[in-house]
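This is model_32.pdb (PDB, C-alpha atoms).
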```
ATOM      1  CA  MET B   1      -5.793  45.091 117.084
ATOM      2  CA  LEU B   2      -2.927  43.757 119.179
ATOM      3  CA  VAL B   3      -3.762  42.517 122.676
ATOM      4  CA  ALA B   4      -1.416  41.240 125.386
ATOM      5  CA  ASP B   5      -2.746  39.947 128.698
ATOM      6  CA  GLU B   6      -0.541  39.478 131.778
ATOM      7  CA  MET B   7       2.358  38.425 129.590
ATOM      8  CA  ALA B   8       5.664  37.352 131.126
ATOM      9  CA  MET B   9       8.972  36.335 129.588
ATOM     10  CA  ARG B  10      11.965  34.766 131.243
ATOM     11  CA  PHE B  11      15.161  33.105 130.077
ATOM     12  CA  GLY B  12      16.294  30.667 132.724
ATOM     13  CA  ARG B  13      16.225  32.547 136.034
ATOM     14  CA  ARG B  14      16.263  35.958 134.410
ATOM     15  CA  VAL B  15      12.862  37.659 134.194
ATOM     16  CA  LEU B  16      12.710  40.181 131.345
ATOM     17  CA  PHE B  17       9.178  41.324 132.133
ATOM     18  CA  ARG B  18       5.969  40.125 133.742
ATOM     19  CA  GLY B  19       2.388  41.318 134.099
ATOM     20  CA  LEU B  20       2.607  43.112 130.765
ATOM     21  CA  SER B  21      -0.798  43.946 129.302
ATOM     22  CA  LEU B  22      -1.684  46.218 126.406
ATOM     23  CA  GLU B  23      -4.374  46.871 123.826
ATOM     24  CA  LEU B  24      -3.358  48.560 120.601
ATOM     25  CA  PRO B  25      -6.150  49.406 118.129
ATOM     26  CA  GLY B  26      -5.728  49.707 114.381
ATOM     27  CA  GLY B  27      -3.988  52.894 113.262
ATOM     28  CA  ALA B  28      -2.150  53.284 116.575
ATOM     29  CA  SER B  29       1.590  53.447 117.161
ATOM     30  CA  LEU B  30       3.598  52.333 120.174
ATOM     31  CA  ALA B  31       7.188  53.093 121.152
ATOM     32  CA  VAL B  32       8.835  50.366 123.250
ATOM     33  CA  THR B  33      11.656  51.848 125.311
ATOM     34  CA  GLY B  34      14.215  50.552 127.778
ATOM     35  CA  ALA B  35      17.921  50.066 128.338
ATOM     36  CA  ASN B  36      20.013  47.779 126.150
ATOM     37  CA  GLY B  37      19.239  44.181 127.072
ATOM     38  CA  SER B  38      15.979  45.075 128.835
ATOM     39  CA  GLY B  39      13.821  43.013 126.487
ATOM     40  CA  LYS B  40      12.688  45.420 123.753
ATOM     41  CA  THR B  41      13.715  43.116 120.914
ATOM     42  CA  THR B  42      12.271  40.100 122.712
ATOM     43  CA  LEU B  43       8.931  41.886 123.029
ATOM     44  CA  LEU B  44       8.871  42.649 119.304
ATOM     45  CA  LYS B  45       9.650  38.999 118.529
ATOM     46  CA  LEU B  46       6.768  37.940 120.778
ATOM     47  CA  MET B  47       4.466  40.298 118.902
ATOM     48  CA  ALA B  48       5.652  38.855 115.591
ATOM     49  CA  GLY B  49       5.018  35.296 116.763
ATOM     50  CA  LEU B  50       8.701  34.344 116.634
ATOM     51  CA  LEU B  51       8.730  33.548 120.365
ATOM     52  CA  ARG B  52       6.157  32.261 122.852
ATOM     53  CA  PRO B  53       5.663  34.038 126.186
ATOM     54  CA  THR B  54       6.538  32.142 129.348
ATOM     55  CA  SER B  55       3.031  32.910 130.590
ATOM     56  CA  GLY B  56       0.088  35.062 129.608
ATOM     57  CA  ARG B  57      -1.049  35.560 126.050
ATOM     58  CA  ILE B  58      -0.665  37.839 123.065
ATOM     59  CA  ALA B  59      -2.986  37.957 120.057
ATOM     60  CA  LEU B  60      -3.240  39.860 116.789
ATOM     61  CA  ARG B  61      -6.565  40.511 115.067
ATOM     62  CA  ALA B  62      -6.737  41.558 111.422
ATOM     63  CA  ASN B  63      -9.795  41.908 109.209
ATOM     64  CA  GLY B  64     -11.996  40.832 112.097
ATOM     65  CA  GLU B  65     -10.177  37.538 112.685
ATOM     66  CA  THR B  66      -7.481  36.394 115.097
ATOM     67  CA  VAL B  67      -4.269  35.592 113.247
ATOM     68  CA  PRO B  68      -3.018  32.140 114.360
ATOM     69  CA  ARG B  69       0.323  32.402 116.161
ATOM     70  CA  GLU B  70       2.027  30.162 113.597
ATOM     71  CA  GLU B  71       0.918  32.558 110.827
ATOM     72  CA  ARG B  72       2.057  35.751 112.550
ATOM     73  CA  PRO B  73       5.697  35.491 111.367
ATOM     74  CA  LEU B  74       4.370  35.342 107.789
ATOM     75  CA  ARG B  75       1.797  38.128 108.198
ATOM     76  CA  CYS B  76       3.747  40.629 110.317
ATOM     77  CA  GLY B  77       6.560  42.827 109.056
ATOM     78  CA  LEU B  78       9.760  43.090 111.113
ATOM     79  CA  ALA B  79      12.693  45.321 110.185
ATOM     80  CA  ALA B  80      15.730  45.134 112.444
ATOM     81  CA  PRO B  81      19.494  45.760 112.164
ATOM     82  CA  TYR B  82      20.247  42.132 113.067
ATOM     83  CA  LEU B  83      18.260  40.689 110.135
ATOM     84  CA  ARG B  84      20.660  39.773 107.344
ATOM     85  CA  THR B  85      20.312  39.789 103.565
ATOM     86  CA  TYR B  86      21.950  37.476 101.042
ATOM     87  CA  GLU B  87      24.980  39.433  99.858
ATOM     88  CA  SER B  88      25.359  37.511  96.584
ATOM     89  CA  PHE B  89      21.723  38.171  95.634
ATOM     90  CA  THR B  90      20.370  41.356  94.146
ATOM     91  CA  ALA B  91      17.844  43.417  96.088
ATOM     92  CA  ARG B  92      15.068  42.001  93.909
ATOM     93  CA  GLU B  93      16.307  38.422  94.358
ATOM     94  CA  ASN B  94      16.359  38.831  98.134
ATOM     95  CA  LEU B  95      12.719  39.910  98.107
ATOM     96  CA  SER B  96      11.720  37.218  95.597
ATOM     97  CA  PHE B  97      13.238  34.569  97.852
ATOM     98  CA  LEU B  98      11.401  35.980 100.867
ATOM     99  CA  ALA B  99       8.125  36.058  98.909
ATOM    100  CA  ARG B 100       8.503  32.340  98.184
ATOM    101  CA  VAL B 101       9.225  31.603 101.860
ATOM    102  CA  ARG B 102       6.128  33.575 102.842
ATOM    103  CA  GLN B 103       4.096  31.842 100.141
ATOM    104  CA  LEU B 104       3.103  35.117  98.486
ATOM    105  CA  PRO B 105       1.731  34.351  94.997
ATOM    106  CA  ASP B 106       2.578  36.552  92.004
ATOM    107  CA  ALA B 107       4.685  38.893  94.135
ATOM    108  CA  SER B 108       6.662  40.555  91.340
ATOM    109  CA  ALA B 109       4.427  43.642  91.183
ATOM    110  CA  ARG B 110       4.478  43.990  94.981
ATOM    111  CA  ILE B 111       8.263  43.666  94.987
ATOM    112  CA  ASP B 112       8.495  46.556  92.523
ATOM    113  CA  GLU B 113       6.161  48.599  94.741
ATOM    114  CA  VAL B 114       8.151  48.132  97.951
ATOM    115  CA  LEU B 115      11.483  48.701  96.213
ATOM    116  CA  ASP B 116      10.125  52.019  94.969
ATOM    117  CA  GLU B 117       8.708  52.836  98.410
ATOM    118  CA  VAL B 118      12.132  52.447 100.045
ATOM    119  CA  GLY B 119      13.948  54.291  97.260
ATOM    120  CA  LEU B 120      15.726  51.305  95.717
ATOM    121  CA  ALA B 121      13.935  51.045  92.376
ATOM    122  CA  ASP B 122      17.103  52.089  90.530
ATOM    123  CA  ARG B 123      19.247  49.583  92.485
ATOM    124  CA  ALA B 124      16.845  46.647  92.317
ATOM    125  CA  ASP B 125      19.132  44.496  90.195
ATOM    126  CA  ASP B 126      22.411  45.356  91.929
ATOM    127  CA  ARG B 127      24.042  42.807  94.207
ATOM    128  CA  VAL B 128      23.562  43.565  97.900
ATOM    129  CA  ALA B 129      27.316  43.142  98.453
ATOM    130  CA  THR B 130      27.738  46.520  96.726
ATOM    131  CA  PHE B 131      25.316  48.274  99.102
ATOM    132  CA  SER B 132      26.185  50.479 102.069
ATOM    133  CA  SER B 133      24.802  49.613 105.502
ATOM    134  CA  GLY B 134      22.100  52.238 105.012
ATOM    135  CA  LEU B 135      20.949  50.739 101.702
ATOM    136  CA  LYS B 136      20.911  47.277 103.249
ATOM    137  CA  ARG B 137      18.634  48.670 105.941
ATOM    138  CA  ARG B 138      16.283  49.860 103.213
ATOM    139  CA  ILE B 139      16.048  46.278 101.964
ATOM    140  CA  ALA B 140      15.015  45.263 105.484
ATOM    141  CA  TYR B 141      12.232  47.841 105.346
ATOM    142  CA  ALA B 142      11.148  46.550 101.927
ATOM    143  CA  ALA B 143      11.095  42.985 103.263
ATOM    144  CA  ALA B 144       8.970  44.057 106.224
ATOM    145  CA  LEU B 145       6.438  45.691 103.885
ATOM    146  CA  LEU B 146       6.276  42.837 101.402
ATOM    147  CA  ALA B 147       3.204  41.076 102.834
ATOM    148  CA  ASP B 148       1.285  44.350 103.365
ATOM    149  CA  PRO B 149       1.440  43.632 107.115
ATOM    150  CA  PRO B 150      -1.332  44.419 109.599
ATOM    151  CA  LEU B 151       1.456  44.852 112.181
ATOM    152  CA  LEU B 152       4.730  46.601 111.305
ATOM    153  CA  LEU B 153       7.542  46.191 113.831
ATOM    154  CA  LEU B 154      10.644  48.371 113.577
ATOM    155  CA  ASP B 155      13.571  47.580 115.863
ATOM    156  CA  GLU B 156      15.770  50.692 116.199
ATOM    157  CA  PRO B 157      14.194  52.322 113.120
ATOM    158  CA  ARG B 158      16.887  55.004 112.776
ATOM    159  CA  ALA B 159      19.879  52.631 112.842
ATOM    160  CA  ASN B 160      22.242  53.049 109.847
ATOM    161  CA  LEU B 161      19.957  55.539 108.096
ATOM    162  CA  ASP B 162      21.077  58.893 106.724
ATOM    163  CA  ALA B 163      18.753  61.894 106.442
ATOM    164  CA  ALA B 164      17.104  60.561 103.272
ATOM    165  CA  GLY B 165      16.711  57.134 104.840
ATOM    166  CA  LEU B 166      15.177  58.641 107.959
ATOM    167  CA  ALA B 167      12.642  60.501 105.812
ATOM    168  CA  MET B 168      11.836  57.197 104.088
ATOM    169  CA  SER B 169      11.270  55.534 107.467
ATOM    170  CA  ARG B 170       8.921  58.286 108.589
ATOM    171  CA  ARG B 171       6.905  58.068 105.360
ATOM    172  CA  ILE B 172       6.496  54.332 105.809
ATOM    173  CA  GLN B 173       5.430  54.722 109.428
ATOM    174  CA  LYS B 174       2.897  57.391 108.459
ATOM    175  CA  ARG B 175       1.415  55.252 105.670
ATOM    176  CA  GLN B 176       1.151  52.228 107.937
ATOM    177  CA  ARG B 177      -1.014  54.175 110.358
ATOM    178  CA  GLU B 178      -3.045  55.912 107.650
ATOM    179  CA  ARG B 179      -4.084  52.547 106.216
ATOM    180  CA  GLY B 180      -5.252  51.408 109.664
ATOM    181  CA  GLY B 181      -2.283  49.168 110.370
ATOM    182  CA  LEU B 182      -0.470  48.825 113.673
ATOM    183  CA  LEU B 183       3.001  50.249 114.211
ATOM    184  CA  VAL B 184       5.415  49.293 116.999
ATOM    185  CA  VAL B 185       8.971  50.614 117.269
ATOM    186  CA  ALA B 186      11.690  49.669 119.744
ATOM    187  CA  THR B 187      14.053  52.540 120.407
ATOM    188  CA  ASN B 188      16.556  54.084 122.802
ATOM    189  CA  ASP B 189      16.118  57.456 121.122
ATOM    190  CA  PRO B 190      13.917  59.860 123.154
ATOM    191  CA  ASP B 191      13.128  61.925 120.048
ATOM    192  CA  GLU B 192      11.940  58.834 118.191
ATOM    193  CA  ALA B 193       9.845  57.683 121.149
ATOM    194  CA  GLU B 194       8.139  61.087 121.364
ATOM    195  CA  ARG B 195       6.829  60.674 117.811
ATOM    196  CA  HIS B 196       4.459  57.922 118.946
ATOM    197  CA  GLU B 197       1.278  58.525 120.887
ATOM    198  CA  ARG B 198       1.759  55.480 123.115
ATOM    199  CA  ARG B 199       4.868  54.422 124.970
ATOM    200  CA  LEU B 200       5.735  51.280 126.914
ATOM    201  CA  HIS B 201       8.858  51.185 129.087
ATOM    202  CA  VAL B 202       9.841  47.519 129.398
ATOM    203  CA  GLU B 203      11.606  47.992 132.716
ATOM    204  CA  ASP B 204       8.324  49.078 134.310
ATOM    205  CA  TYR B 205       7.264  45.413 134.135
ATOM    206  CA  VAL B 206      10.180  43.752 135.923
TER     207      VAL B 206
END
```

What would the structure in this file look like if it were written as structure tokens?
Amino acid sequence: MLVADEMAMRFGRRVLFRGLSLELPGGASLAVTGANGSGKTTLLKLMAGLLRPTSGRIALRANGETVPREERPLRCGLAAPYLRTYESFTARENLSFLARVRQLPDASARIDEVLDEVGLADRADDRVATFSSGLKRRIAYAAALLADPPLLLLDEPRANLDAAGLAMSRRIQKRQRERGGLLVVATNDPDEAERHERRLHVEDYV
């Protein structure tokens, strides 16, 4: 479960949002909408524990326990166009490095699983520098899935994906919900937003 209570975020004098409260139970999905620069990405980073709110609180519960804020960046999965990969590494090496950063023991089998899930099993040992933007986005999805996250956050989930990549994204979103995990997407695409049973328009909280 993800709970936010009267959360506010500002940068200097600029208020992105305030009075934002929500309760998202396991298996639910939420589309965060709003204009460019309205705070969608900031909200996802707050959910992931990468930022602290100016006021209010946000908490994630998994397996009956509250996940400490400092552990949320390690436990949550975030896939976003602005997250970069190491171009000189292979796809597998990128994920192996991330597994070490996240302190995931014996991650080799899980790395194989997520590479297969995003359709990169046959490119696992190719250098990322040889990948298209769409294939690089698949690595971002694989990285987000690596820790089997209770909360999966997708920032602009359709960005740089072709039809096959979009089908991959939808499969991953469906599986996340089927296993009782939480799913949050930030999008400007009305069709994408309509796929989720809950919607939050950031600009409603200014």

Practice item. Please write as a list in words the full residue list that the PyMOL selection byres ((chain B and resi 133-146) around 6) yields on this file. Key: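 That selection, the PyMOL selection byres ((chain B and resi 133-146) around 6), comes back as Gly77, Leu78, Ala79, Val114, Val118, Phe131, Ser132, Ala147, Asp148, Asn160 and Leu161 of chain B.
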
Practice item. Could you tell me which of B:Ser88, B:Ile111, B:Gln103, B:Val3 comes closest to Glu71 in chain B if we count all atoms listed in the file? Key: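 Under the stated criterion, the closest residue is B:Gln103.
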
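Residue nearest Lys40 in chain B, chosen from B:Ala193, B:Ala186, B:Ala28, B:Val101 and counting only C-alpha atoms: B:Ala186.
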
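Excluding range 8-18 of chain B itself and any same-chain residue fewer than 2 positions from it, the protein and nucleic acid residues within 6 Å of it, counting all atoms listed in the file, are Leu20, Gly39, Pro53, Thr54, Ser55, Tyr205 and Val206 of chain B.
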
Review point. Using only C-alpha atoms, which of B:Arg177, B:Leu60, B:Ala159, B:Ser38 sits nearest Leu22 in chain B?
Key: B:Leu60

Check your understanding: With only C-alpha atoms as the basis for distance, which of B:Ala91, B:Leu44, B:Pro150, B:Ile172 is at the shortest distance from Ala121 in chain B?
Key ->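 Counting only C-alpha atoms, the residue closest to Ala121 in chain B is B:Ala91.
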